[in-house]
$ cat query_19.pdb   # PDB, C-alpha atoms
ATOM      1  CA  MET A   1      61.995  94.155  55.441
ATOM      2  CA  SER A   2      59.453  96.841  55.931
ATOM      3  CA  ASP A   3      60.392 100.231  57.303
ATOM      4  CA  TYR A   4      58.520  99.486  60.512
ATOM      5  CA  SER A   5      61.492  97.586  61.883
ATOM      6  CA  ARG A   6      63.606 100.680  61.555
ATOM      7  CA  VAL A   7      61.296 103.122  63.317
ATOM      8  CA  SER A   8      63.464 104.691  66.000
ATOM      9  CA  LEU A   9      62.473 106.186  69.335
ATOM     10  CA  LEU A  10      63.425 109.560  67.895
ATOM     11  CA  GLN A  11      60.948 109.124  65.035
ATOM     12  CA  ILE A  12      58.224 108.171  67.492
ATOM     13  CA  ALA A  13      59.074 111.259  69.551
ATOM     14  CA  GLN A  14      58.901 113.497  66.488
ATOM     15  CA  GLU A  15      55.593 111.926  65.520
ATOM     16  CA  ILE A  16      54.178 112.629  69.008
ATOM     17  CA  GLU A  17      55.394 116.242  68.836
ATOM     18  CA  SER A  18      53.635 116.886  65.536
ATOM     19  CA  SER A  19      50.403 115.211  66.664
ATOM     20  CA  HIS A  20      47.223 117.199  67.112
ATOM     21  CA  ILE A  21      47.454 117.649  70.901
ATOM     22  CA  GLY A  22      51.170 118.439  70.750
ATOM     23  CA  THR A  23      50.634 121.180  68.192
ATOM     24  CA  ALA A  24      47.619 122.569  70.025
ATOM     25  CA  ILE A  25      49.531 122.982  73.294
ATOM     26  CA  ARG A  26      52.565 124.471  71.550
ATOM     27  CA  GLU A  27      50.549 127.005  69.645
ATOM     28  CA  SER A  28      48.259 128.056  72.472
ATOM     29  CA  MET A  29      49.318 131.212  74.278
ATOM     30  CA  TRP A  30      47.943 129.963  77.584
ATOM     31  CA  ALA A  31      48.212 126.187  77.623
ATOM     32  CA  PHE A  32      51.991 125.960  77.803
ATOM     33  CA  PRO A  33      52.680 128.408  80.677
ATOM     34  CA  LEU A  34      49.560 127.157  82.475
ATOM     35  CA  LEU A  35      50.857 123.576  82.318
ATOM     36  CA  ILE A  36      54.224 124.702  83.712
ATOM     37  CA  LEU A  37      52.403 126.501  86.544
ATOM     38  CA  VAL A  38      50.391 123.372  87.385
ATOM     39  CA  HIS A  39      53.546 121.243  87.087
ATOM     40  CA  LEU A  40      55.337 123.430  89.655
ATOM     41  CA  LEU A  41      52.340 123.521  92.022
ATOM     42  CA  GLY A  42      52.335 119.717  91.932
ATOM     43  CA  LEU A  43      56.060 119.829  92.651
ATOM     44  CA  THR A  44      55.665 121.982  95.767
ATOM     45  CA  VAL A  45      53.166 119.514  97.261
ATOM     46  CA  ALA A  46      55.058 116.347  96.232
ATOM     47  CA  ALA A  47      58.578 117.587  97.011
ATOM     48  CA  GLY A  48      57.390 119.501 100.104
ATOM     49  CA  THR A  49      56.138 116.268 101.687
ATOM     50  CA  ILE A  50      59.044 114.141 100.352
ATOM     51  CA  VAL A  51      61.590 116.513 101.939
ATOM     52  CA  TYR A  52      60.063 116.144 105.412
ATOM     53  CA  TRP A  53      59.770 112.374 105.051
ATOM     54  CA  ASP A  54      63.470 112.296 104.073
ATOM     55  CA  LEU A  55      64.425 114.553 106.986
ATOM     56  CA  ARG A  56      62.595 112.158 109.345
ATOM     57  CA  LEU A  57      64.483 109.201 107.834
ATOM     58  CA  LEU A  58      67.710 111.156 108.354
ATOM     59  CA  GLY A  59      66.757 111.713 111.998
ATOM     60  CA  LEU A  60      66.863 115.480 111.402
ATOM     61  CA  GLY A  61      63.205 116.493 111.523
ATOM     62  CA  LEU A  62      59.872 115.492 113.092
ATOM     63  CA  ARG A  63      61.766 113.162 115.406
ATOM     64  CA  ARG A  64      58.866 112.902 117.816
ATOM     65  CA  SER A  65      56.583 111.424 115.141
ATOM     66  CA  ALA A  66      56.500 107.683 114.467
ATOM     67  CA  VAL A  67      58.072 106.919 111.080
ATOM     68  CA  SER A  68      55.319 104.591 109.812
ATOM     69  CA  GLU A  69      52.568 106.943 110.987
ATOM     70  CA  LEU A  70      54.214 109.952 109.291
ATOM     71  CA  GLY A  71      54.581 107.927 106.090
ATOM     72  CA  ARG A  72      50.926 106.884 106.140
ATOM     73  CA  GLN A  73      49.795 110.480 106.704
ATOM     74  CA  LEU A  74      52.058 112.187 104.156
ATOM     75  CA  LEU A  75      51.979 109.606 101.369
ATOM     76  CA  PRO A  76      48.511 110.447  99.969
ATOM     77  CA  TRP A  77      49.638 114.088  99.557
ATOM     78  CA  THR A  78      52.919 113.040  97.965
ATOM     79  CA  TRP A  79      51.073 110.835  95.460
ATOM     80  CA  GLY A  80      48.478 113.520  94.799
ATOM     81  CA  GLY A  81      51.174 116.095  94.000
ATOM     82  CA  PHE A  82      53.122 113.541  91.994
ATOM     83  CA  SER A  83      50.072 112.616  89.893
ATOM     84  CA  VAL A  84      49.508 116.284  89.038
ATOM     85  CA  MET A  85      53.185 116.560  88.078
ATOM     86  CA  PHE A  86      53.060 113.372  86.038
ATOM     87  CA  ILE A  87      50.000 114.382  84.009
ATOM     88  CA  SER A  88      51.109 117.982  83.390
ATOM     89  CA  GLY A  89      54.685 116.844  82.742
ATOM     90  CA  SER A  90      53.532 114.273  80.176
ATOM     91  CA  LEU A  91      51.509 116.917  78.343
ATOM     92  CA  LEU A  92      54.494 119.313  78.365
ATOM     93  CA  ALA A  93      56.782 116.573  77.043
ATOM     94  CA  TRP A  94      54.164 115.654  74.433
ATOM     95  CA  CYS A  95      54.489 118.949  72.588
ATOM     96  CA  GLU A  96      58.303 119.016  72.655
ATOM     97  CA  ALA A  97      58.961 115.272  72.363
ATOM     98  CA  GLY A  98      61.139 115.531  69.255
ATOM     99  CA  ARG A  99      63.481 118.117  70.737
ATOM    100  CA  LEU A 100      63.410 116.643  74.269
ATOM    101  CA  TYR A 101      64.468 113.218  73.035
ATOM    102  CA  SER A 102      68.043 114.349  72.461
ATOM    103  CA  ASN A 103      68.088 116.995  75.218
ATOM    104  CA  PHE A 104      70.800 116.297  77.800
ATOM    105  CA  PHE A 105      68.898 117.761  80.767
ATOM    106  CA  PHE A 106      65.685 115.896  79.885
ATOM    107  CA  ARG A 107      67.582 112.609  79.760
ATOM    108  CA  MET A 108      69.285 113.468  83.026
ATOM    109  CA  LYS A 109      65.942 114.271  84.661
ATOM    110  CA  MET A 110      64.407 110.974  83.508
ATOM    111  CA  LEU A 111      67.454 109.087  84.790
ATOM    112  CA  LEU A 112      67.285 110.826  88.189
ATOM    113  CA  LEU A 113      63.520 110.124  88.422
ATOM    114  CA  LEU A 114      64.201 106.464  87.703
ATOM    115  CA  LEU A 115      66.922 106.382  90.376
ATOM    116  CA  ALA A 116      64.570 108.068  92.880
ATOM    117  CA  GLY A 117      62.012 105.331  92.164
ATOM    118  CA  VAL A 118      64.613 102.575  92.579
ATOM    119  CA  ASN A 119      65.730 104.183  95.861
ATOM    120  CA  VAL A 120      62.146 104.077  97.209
ATOM    121  CA  LEU A 121      61.729 100.475  96.042
ATOM    122  CA  ILE A 122      64.950  99.260  97.680
ATOM    123  CA  PHE A 123      64.073 101.111 100.887
ATOM    124  CA  HIS A 124      60.642  99.484 101.105
ATOM    125  CA  LEU A 125      61.919  96.009 100.264
ATOM    126  CA  THR A 126      64.739  96.109 102.814
ATOM    127  CA  VAL A 127      65.099  98.296 105.909
ATOM    128  CA  TYR A 128      61.462  99.509 105.995
ATOM    129  CA  ARG A 129      60.281  95.927 106.564
ATOM    130  CA  SER A 130      61.639  96.128 110.095
ATOM    131  CA  VAL A 131      60.214  99.618 110.748
ATOM    132  CA  SER A 132      58.327  98.421 113.836
ATOM    133  CA  ALA A 133      61.710  97.992 115.526
ATOM    134  CA  TRP A 134      62.786 101.613 114.934
ATOM    135  CA  ASP A 135      59.461 103.407 114.443
ATOM    136  CA  ARG A 136      59.906 105.788 117.370
ATOM    137  CA  ALA A 137      63.715 105.942 117.370
ATOM    138  CA  PRO A 138      64.931 109.543 116.957
ATOM    139  CA  ILE A 139      68.011 108.172 115.176
ATOM    140  CA  THR A 140      67.079 105.743 112.405
ATOM    141  CA  PRO A 141      69.177 102.811 111.062
ATOM    142  CA  LEU A 142      72.025 103.679 108.688
ATOM    143  CA  ARG A 143      70.251 102.252 105.632
ATOM    144  CA  ALA A 144      67.200 104.429 106.288
ATOM    145  CA  ARG A 145      69.433 107.486 106.602
ATOM    146  CA  ILE A 146      71.164 106.617 103.346
ATOM    147  CA  ALA A 147      67.779 106.283 101.593
ATOM    148  CA  GLY A 148      66.666 109.674 102.991
ATOM    149  CA  GLY A 149      69.898 111.416 101.964
ATOM    150  CA  LEU A 150      69.831 109.904  98.479
ATOM    151  CA  SER A 151      66.221 110.958  98.006
ATOM    152  CA  LEU A 152      66.991 114.571  98.995
ATOM    153  CA  ALA A 153      69.963 114.725  96.604
ATOM    154  CA  LEU A 154      68.043 113.080  93.744
ATOM    155  CA  TRP A 155      65.063 115.433  94.077
ATOM    156  CA  PHE A 156      67.314 118.474  94.114
ATOM    157  CA  GLY A 157      68.868 117.120  90.914
ATOM    158  CA  ILE A 158      65.426 116.536  89.378
ATOM    159  CA  ILE A 159      64.417 120.146  90.105
ATOM    160  CA  ALA A 160      67.715 121.520  88.749
ATOM    161  CA  ALA A 161      67.563 119.406  85.578
ATOM    162  CA  GLY A 162      63.911 120.324  85.081
ATOM    163  CA  ARG A 163      64.660 124.041  85.257
ATOM    164  CA  ALA A 164      67.621 123.614  82.918
ATOM    165  CA  ILE A 165      65.404 122.011  80.250
ATOM    166  CA  GLY A 166      63.513 125.290  79.872
ATOM    167  CA  TYR A 167      66.727 127.241  79.327
ATOM    168  CA  SER A 168      68.275 124.741  76.965
ATOM    169  CA  LEU A 169      65.157 124.670  74.750
ATOM    170  CA  ASP A 170      64.904 128.457  74.957
ATOM    171  CA  TYR A 171      61.189 128.619  75.768
ATOM    172  CA  GLY A 172      61.626 132.105  77.095
ATOM    173  CA  VAL A 173      60.407 130.876  80.501
TER
ATOM    174  CA  MET B   1      63.653 149.233  78.237
ATOM    175  CA  PRO B   2      64.439 151.635  81.095
ATOM    176  CA  THR B   3      61.632 152.278  83.559
ATOM    177  CA  ASP B   4      60.481 155.582  85.048
ATOM    178  CA  SER B   5      61.489 154.381  88.469
ATOM    179  CA  PRO B   6      64.878 155.616  89.731
ATOM    180  CA  PHE B   7      64.876 152.712  92.203
ATOM    181  CA  ALA B   8      64.424 150.080  89.482
ATOM    182  CA  GLU B   9      67.147 151.757  87.386
ATOM    183  CA  TRP B  10      69.490 151.889  90.386
ATOM    184  CA  CYS B  11      68.946 148.149  91.019
ATOM    185  CA  TRP B  12      69.425 147.379  87.331
ATOM    186  CA  ASN B  13      72.791 149.189  87.218
ATOM    187  CA  LEU B  14      74.270 147.737  90.405
ATOM    188  CA  PRO B  15      77.565 145.935  89.649
ATOM    189  CA  LEU B  16      76.083 142.758  91.155
ATOM    190  CA  SER B  17      73.014 142.756  88.927
ATOM    191  CA  VAL B  18      75.173 143.515  85.868
ATOM    192  CA  ALA B  19      77.368 140.553  86.835
ATOM    193  CA  ILE B  20      74.326 138.258  87.183
ATOM    194  CA  ARG B  21      73.110 139.257  83.708
ATOM    195  CA  ASN B  22      76.522 139.043  82.048
ATOM    196  CA  ALA B  23      76.956 135.300  82.491
ATOM    197  CA  SER B  24      74.475 132.676  81.399
ATOM    198  CA  TRP B  25      74.526 130.507  84.527
ATOM    199  CA  PRO B  26      73.882 132.761  87.592
ATOM    200  CA  PHE B  27      70.216 133.430  86.858
ATOM    201  CA  PRO B  28      69.189 129.770  86.326
ATOM    202  CA  VAL B  29      71.225 128.737  89.391
ATOM    203  CA  LEU B  30      69.488 131.405  91.506
ATOM    204  CA  GLU B  31      66.112 130.228  90.202
ATOM    205  CA  ILE B  32      66.862 126.592  91.048
ATOM    206  CA  LEU B  33      67.894 127.586  94.592
ATOM    207  CA  HIS B  34      64.740 129.733  94.864
ATOM    208  CA  ILE B  35      62.587 126.718  93.921
ATOM    209  CA  ALA B  36      64.467 124.472  96.387
ATOM    210  CA  GLY B  37      63.969 127.045  99.170
ATOM    211  CA  LEU B  38      60.288 127.260  98.232
ATOM    212  CA  VAL B  39      59.930 123.496  98.632
ATOM    213  CA  LEU B  40      61.337 123.702 102.200
ATOM    214  CA  VAL B  41      59.155 126.670 103.197
ATOM    215  CA  PHE B  42      55.976 125.398 101.546
ATOM    216  CA  GLY B  43      56.549 121.866 102.862
ATOM    217  CA  THR B  44      56.441 123.293 106.395
ATOM    218  CA  VAL B  45      53.424 125.465 105.672
ATOM    219  CA  LEU B  46      51.560 122.563 104.055
ATOM    220  CA  ILE B  47      52.125 120.111 106.919
ATOM    221  CA  VAL B  48      51.419 122.675 109.670
ATOM    222  CA  ASP B  49      48.236 123.836 107.912
ATOM    223  CA  LEU B  50      47.008 120.303 107.175
ATOM    224  CA  ARG B  51      47.507 119.546 110.870
ATOM    225  CA  LEU B  52      45.437 122.645 111.754
ATOM    226  CA  LEU B  53      42.753 121.424 109.349
ATOM    227  CA  GLY B  54      42.804 118.103 111.173
ATOM    228  CA  ARG B  55      43.679 116.254 107.961
ATOM    229  CA  ILE B  56      46.973 114.693 109.088
ATOM    230  CA  LEU B  57      48.905 113.794 112.258
ATOM    231  CA  ARG B  58      45.817 114.144 114.457
ATOM    232  CA  SER B  59      47.388 112.056 117.193
ATOM    233  CA  GLU B  60      50.080 114.675 117.695
ATOM    234  CA  PRO B  61      49.588 118.099 119.247
ATOM    235  CA  GLY B  62      49.693 121.040 116.847
ATOM    236  CA  TRP B  63      52.437 122.838 118.775
ATOM    237  CA  GLN B  64      54.695 119.806 118.435
ATOM    238  CA  VAL B  65      54.209 119.523 114.672
ATOM    239  CA  SER B  66      54.767 123.236 114.025
ATOM    240  CA  GLY B  67      57.690 123.375 116.469
ATOM    241  CA  ASP B  68      59.489 120.461 114.792
ATOM    242  CA  LEU B  69      58.887 121.854 111.311
ATOM    243  CA  MET B  70      59.818 125.492 111.885
ATOM    244  CA  ARG B  71      63.453 124.460 112.425
ATOM    245  CA  TRP B  72      63.572 123.631 108.717
ATOM    246  CA  ALA B  73      61.449 126.469 107.444
ATOM    247  CA  TRP B  74      64.064 128.970 108.673
ATOM    248  CA  PRO B  75      66.965 127.775 106.495
ATOM    249  CA  GLY B  76      64.496 127.547 103.602
ATOM    250  CA  PHE B  77      63.366 131.105 104.227
ATOM    251  CA  ALA B  78      66.997 132.266 104.480
ATOM    252  CA  VAL B  79      67.588 130.873 100.977
ATOM    253  CA  GLN B  80      64.523 132.780  99.703
ATOM    254  CA  ILE B  81      65.578 136.061 101.326
ATOM    255  CA  LEU B  82      69.014 135.696  99.718
ATOM    256  CA  THR B  83      68.040 134.525  96.208
ATOM    257  CA  GLY B  84      64.803 136.538  95.830
ATOM    258  CA  PRO B  85      66.359 140.034  95.953
ATOM    259  CA  LEU B  86      69.196 138.898  93.645
ATOM    260  CA  LEU B  87      66.639 137.684  91.101
ATOM    261  CA  PHE B  88      64.867 141.028  91.472
ATOM    262  CA  ILE B  89      67.848 143.367  90.993
ATOM    263  CA  ALA B  90      69.016 141.440  87.923
ATOM    264  CA  ASN B  91      65.527 141.832  86.424
ATOM    265  CA  SER B  92      64.349 145.049  88.047
ATOM    266  CA  ARG B  93      63.298 146.769  84.807
ATOM    267  CA  LYS B  94      60.846 143.955  84.109
ATOM    268  CA  PHE B  95      59.830 142.994  87.665
ATOM    269  CA  TYR B  96      59.308 146.496  89.048
ATOM    270  CA  ASP B  97      56.329 147.198  86.783
ATOM    271  CA  SER B  98      55.018 143.636  86.839
ATOM    272  CA  GLY B  99      51.562 143.359  88.392
ATOM    273  CA  PHE B 100      52.297 139.755  89.341
ATOM    274  CA  PHE B 101      55.469 140.792  91.155
ATOM    275  CA  ARG B 102      53.717 143.523  93.139
ATOM    276  CA  THR B 103      50.843 141.166  93.962
ATOM    277  CA  LYS B 104      53.295 138.539  95.139
ATOM    278  CA  ILE B 105      55.102 140.920  97.497
ATOM    279  CA  VAL B 106      51.829 142.104  99.062
ATOM    280  CA  LEU B 107      50.533 138.528  99.437
ATOM    281  CA  LEU B 108      53.879 137.425 100.881
ATOM    282  CA  ALA B 109      53.720 140.146 103.533
ATOM    283  CA  LEU B 110      50.143 139.074 104.361
ATOM    284  CA  ALA B 111      51.068 135.369 104.500
ATOM    285  CA  ILE B 112      54.044 136.006 106.807
ATOM    286  CA  ALA B 113      52.009 138.292 109.081
ATOM    287  CA  PHE B 114      49.167 135.749 109.192
ATOM    288  CA  HIS B 115      51.625 133.000 110.078
ATOM    289  CA  PHE B 116      53.187 134.809 113.014
ATOM    290  CA  VAL B 117      50.070 136.499 114.347
ATOM    291  CA  ILE B 118      47.468 133.765 113.831
ATOM    292  CA  VAL B 119      48.878 130.362 112.772
ATOM    293  CA  ARG B 120      51.497 130.179 115.531
ATOM    294  CA  ARG B 121      49.006 131.112 118.220
ATOM    295  CA  VAL B 122      46.352 128.694 116.984
ATOM    296  CA  SER B 123      48.888 125.870 116.499
ATOM    297  CA  ALA B 124      49.945 126.259 120.105
ATOM    298  CA  SER B 125      46.381 125.752 121.307
ATOM    299  CA  VAL B 126      45.524 122.812 119.078
ATOM    300  CA  GLY B 127      46.049 119.682 121.176
ATOM    301  CA  ALA B 128      45.829 116.035 120.209
ATOM    302  CA  GLY B 129      42.620 115.031 118.449
ATOM    303  CA  VAL B 130      40.433 116.900 115.989
ATOM    304  CA  SER B 131      41.100 120.626 115.612
ATOM    305  CA  PRO B 132      38.620 123.181 116.759
ATOM    306  CA  TRP B 133      37.019 125.385 114.116
ATOM    307  CA  ARG B 134      39.596 128.109 114.693
ATOM    308  CA  GLY B 135      42.316 125.697 113.584
ATOM    309  CA  ARG B 136      40.407 124.795 110.448
ATOM    310  CA  LEU B 137      39.807 128.436 109.570
ATOM    311  CA  ALA B 138      43.439 129.443 110.208
ATOM    312  CA  GLY B 139      44.728 126.452 108.210
ATOM    313  CA  SER B 140      42.505 127.200 105.207
ATOM    314  CA  VAL B 141      43.341 130.914 105.097
ATOM    315  CA  SER B 142      47.061 130.227 105.477
ATOM    316  CA  LEU B 143      47.104 127.585 102.715
ATOM    317  CA  ALA B 144      45.144 129.864 100.376
ATOM    318  CA  LEU B 145      47.526 132.785 101.041
ATOM    319  CA  TRP B 146      50.681 130.738 100.426
ATOM    320  CA  ALA B 147      49.230 129.117  97.300
ATOM    321  CA  ALA B 148      48.446 132.619  95.982
ATOM    322  CA  VAL B 149      52.028 133.731  96.751
ATOM    323  CA  ILE B 150      53.383 130.795  94.721
ATOM    324  CA  VAL B 151      50.979 131.266  91.793
ATOM    325  CA  SER B 152      51.670 134.996  91.491
ATOM    326  CA  GLY B 153      55.420 134.440  91.931
ATOM    327  CA  LEU B 154      55.565 131.850  89.152
ATOM    328  CA  SER B 155      53.375 134.024  86.936
ATOM    329  CA  ILE B 156      55.953 136.856  86.914
ATOM    330  CA  GLU B 157      58.017 134.958  84.378
ATOM    331  CA  LEU B 158      55.406 132.626  82.907
ATOM    332  CA  PHE B 159      52.834 135.103  81.661
TER
END
$ encode --input "query_19.pdb" --output "structure tokens"
Amino acid sequence: MSDYSRVSLLQIAQEIESSHIGTAIRESMWAFPLLILVHLLGLTVAAGTIVYWDLRLLGLGLRRSAVSELGRQLLPWTWGGFSVMFISGSLLAWCEAGRLYSNFFFRMKMLLLLLAGVNVLIFHLTVYRSVSAWDRAPITPLRARIAGGLSLALWFGIIAAGRAIGYSLDYGV
Amino acid sequence: MPTDSPFAEWCWNLPLSVAIRNASWPFPVLEILHIAGLVLVFGTVLIVDLRLLGRILRSEPGWQVSGDLMRWAWPGFAVQILTGPLLFIANSRKFYDSGFFRTKIVLLALAIAFHFVIVRRVSASVGAGVSPWRGRLAGSVSLALWAAVIVSGLSIELF
């Protein structure tokens, strides 16, 4: 058997870290902090709109706005912010891939992101299908409130885990 | 390194700031709460300003959007007012002389003043439908001010 069958995810991660782009970002004085800045600006737009969507689902905020209308209006901004986060986050992970692979907080953050995605998917495939029935209701159905509450908790966890990665890798920022 | 400022030294030596520095977890926890509070405050600012710009929620009057959102900006702002000064006293030797920190405080004062003097008044007058030019102007200036507050705030520790 060739060695290819034994290439582990960790080896791939280490390979990515030592690649040209990874090294360039790590060694640049500006690229790394600039990427973190962009990552956090993306976060404020994405999470800022997600929070108010969740509060509407919980029946706690923007109660006078129709749920579907609010979703349609906020979603482009959420996706815009998320795209910025995704691109800058991928570049940040690129240059630390080897160390991040085994980092507890990084794994936790990826898990929470996955759960947040699953939460959105389940919400859209189930209770949101009948949104026309509760679009203007100040108090939303229980399953919508659960989805909103879960999303808030998961995003707080994502932010906390993300900040903890910096400390655990000792970036200095 | 001690600073020349008696105020910064006084903050640095407060029992509370010594306690924050002496354990590894308080500072990261305060930072995480400060980011979470920021998300609440900026989320409000973003939606209110985009409404003023006529980019979202055009079918709803501006006063309604800002009224519904301000309820949640207040708890967010309370978190910032609590965690911000704690982050400062624990780091006063570094922050006091930081150009980014000073810039942030000035911009923050401007952004808050602009919100209460201009944005609130304009929001109240923006009815359903497309915003008048005053709404667009107020929304753009407000968004630019808050974005500058965030960029300078993050830069204190990043650069």
$ resolve_selection --input "query_19.pdb" --expression "the PyMOL selection byres ((chain A) within 6 of (chain B))" --output "MDAnalysis selection string"
chainID A and resid 33 44 48:49 62 73 160 173
$ write_last_selection --input "query_19.pdb" --atoms "C-alpha atoms" --output "PDB file, in the coordinates of the input"
ATOM      1  CA  PRO A  33      52.680 128.408  80.677  1.00  0.00           C
ATOM      2  CA  THR A  44      55.665 121.982  95.767  1.00  0.00           C
ATOM      3  CA  GLY A  48      57.390 119.501 100.104  1.00  0.00           C
ATOM      4  CA  THR A  49      56.138 116.268 101.687  1.00  0.00           C
ATOM      5  CA  LEU A  62      59.872 115.492 113.092  1.00  0.00           C
ATOM      6  CA  GLN A  73      49.795 110.480 106.704  1.00  0.00           C
ATOM      7  CA  ALA A 160      67.715 121.520  88.749  1.00  0.00           C
ATOM      8  CA  VAL A 173      60.407 130.876  80.501  1.00  0.00           C
TER       9      VAL A 173
END
$ axis_aligned_box --input "query_19.pdb" --around "stretch 116-128 of chain A" --padding-each-side "8 Å" --output "JSON"
{"center_x": 63.2, "center_y": 102.0, "center_z": 99.1, "size_x": 21.1, "size_y": 28.1, "size_z": 29.8}
$ resolve_selection --input "query_19.pdb" --expression "the PyMOL selection byres ((chain A and resi 142) around 12)" --output "list in words"
Leu57, Leu58, Gly59, Phe123, Val127, Tyr128, Trp134, Ile139, Thr140, Pro141, Arg143, Ala144, Arg145, Ile146, Ala147, Gly148 and Gly149 of chain A
$ atom_distance --input "query_19.pdb" --atom1 "atom CA of A:Leu55" --atom2 "atom CA of A:Ser151"
9.8 Å
$ residues_around --input "query_19.pdb" --residues "A:Gly98" --least-positions-apart "2" --cutoff "6 Å" --atoms "only C-alpha atoms" --output "PyMOL selection string"
chain A and resi 13-14+17+96+100-101
$ atom_distance --input "query_19.pdb" --atom1 "atom CA of A:Leu113" --atom2 "atom CA of A:Trp155"
7.9 Å
$ residues_near_point --input "query_19.pdb" --point "(51.7, 118.0, 89.9)" --cutoff "6 Å" --atoms "all atoms listed in the file" --output "VMD selection string"
chain A and resid 39 41 to 43 81 to 85
$ resolve_selection --input "query_19.pdb" --expression "the PyMOL selection byres ((chain A and resi 95) around 10)" --output "CSV table (one decimal) with C-alpha atoms, keeping the file's coordinate frame"
chain,number,residue,atom,x,y,z
A,13,ALA,CA,59.1,111.3,69.6
A,14,GLN,CA,58.9,113.5,66.5
A,16,ILE,CA,54.2,112.6,69.0
A,17,GLU,CA,55.4,116.2,68.8
A,18,SER,CA,53.6,116.9,65.5
A,19,SER,CA,50.4,115.2,66.7
A,20,HIS,CA,47.2,117.2,67.1
A,21,ILE,CA,47.5,117.6,70.9
A,22,GLY,CA,51.2,118.4,70.8
A,23,THR,CA,50.6,121.2,68.2
A,24,ALA,CA,47.6,122.6,70.0
A,25,ILE,CA,49.5,123.0,73.3
A,26,ARG,CA,52.6,124.5,71.6
A,27,GLU,CA,50.5,127.0,69.6
A,32,PHE,CA,52.0,126.0,77.8
A,90,SER,CA,53.5,114.3,80.2
A,91,LEU,CA,51.5,116.9,78.3
A,92,LEU,CA,54.5,119.3,78.4
A,93,ALA,CA,56.8,116.6,77.0
A,94,TRP,CA,54.2,115.7,74.4
A,96,GLU,CA,58.3,119.0,72.7
A,97,ALA,CA,59.0,115.3,72.4
A,98,GLY,CA,61.1,115.5,69.3
A,99,ARG,CA,63.5,118.1,70.7
A,100,LEU,CA,63.4,116.6,74.3
$ residues_around --input "query_19.pdb" --residues "stretch 103-113 of chain B" --least-positions-apart "6" --cutoff "6 Å" --atoms "all atoms listed in the file" --output "ChimeraX atom specification"
/B:145,149,152-153
$ closest_residue --input "query_19.pdb" --among "A:Trp53, A:Arg136, A:Ala66, A:Ile165" --to "A:Val120" --atoms "only C-alpha atoms"
A:Trp53
$ atom_distance --input "query_19.pdb" --atom1 "atom CA of A:Gly89" --atom2 "atom CA of B:Val79"
26.4 Å
$ closest_residue --input "query_19.pdb" --among "A:Trp79, A:Leu114, A:His124, A:Asp135" --to "A:Arg64" --atoms "only C-alpha atoms"
A:Asp135
$ closest_residue --input "query_19.pdb" --among "A:Ser88, A:Ser65, A:Gln11, A:Thr78" --to "A:Leu40" --atoms "only C-alpha atoms"
A:Ser88
$ residues_around --input "query_19.pdb" --residues "B:Ala138" --least-positions-apart "2" --cutoff "9 Å" --atoms "all atoms listed in the file" --output "list in words"
Asp49, Leu52, Leu53, Phe114, His115, Ile118, Val119, Val122, Trp133, Arg134, Gly135, Arg136, Ser140, Val141, Ser142 and Leu143 of chain B
$ residues_near_point --input "query_19.pdb" --point "(69.9, 115.1, 87.7)" --cutoff "7 Å" --atoms "all atoms listed in the file" --output "PDB file with C-alpha atoms, in the coordinates of the input"
ATOM      1  CA  MET A 108      69.285 113.468  83.026  1.00  0.00           C
ATOM      2  CA  LYS A 109      65.942 114.271  84.661  1.00  0.00           C
ATOM      3  CA  LEU A 112      67.285 110.826  88.189  1.00  0.00           C
ATOM      4  CA  LEU A 154      68.043 113.080  93.744  1.00  0.00           C
ATOM      5  CA  GLY A 157      68.868 117.120  90.914  1.00  0.00           C
ATOM      6  CA  ILE A 158      65.426 116.536  89.378  1.00  0.00           C
ATOM      7  CA  ALA A 160      67.715 121.520  88.749  1.00  0.00           C
ATOM      8  CA  ALA A 161      67.563 119.406  85.578  1.00  0.00           C
TER       9      ALA A 161
END
$ residues_around --input "query_19.pdb" --residues "stretch 80-89 of chain B" --least-positions-apart "6" --cutoff "6 Å" --atoms "only C-alpha atoms" --output "VMD selection string"
chain B and resid 11 to 12 17 30 34 37
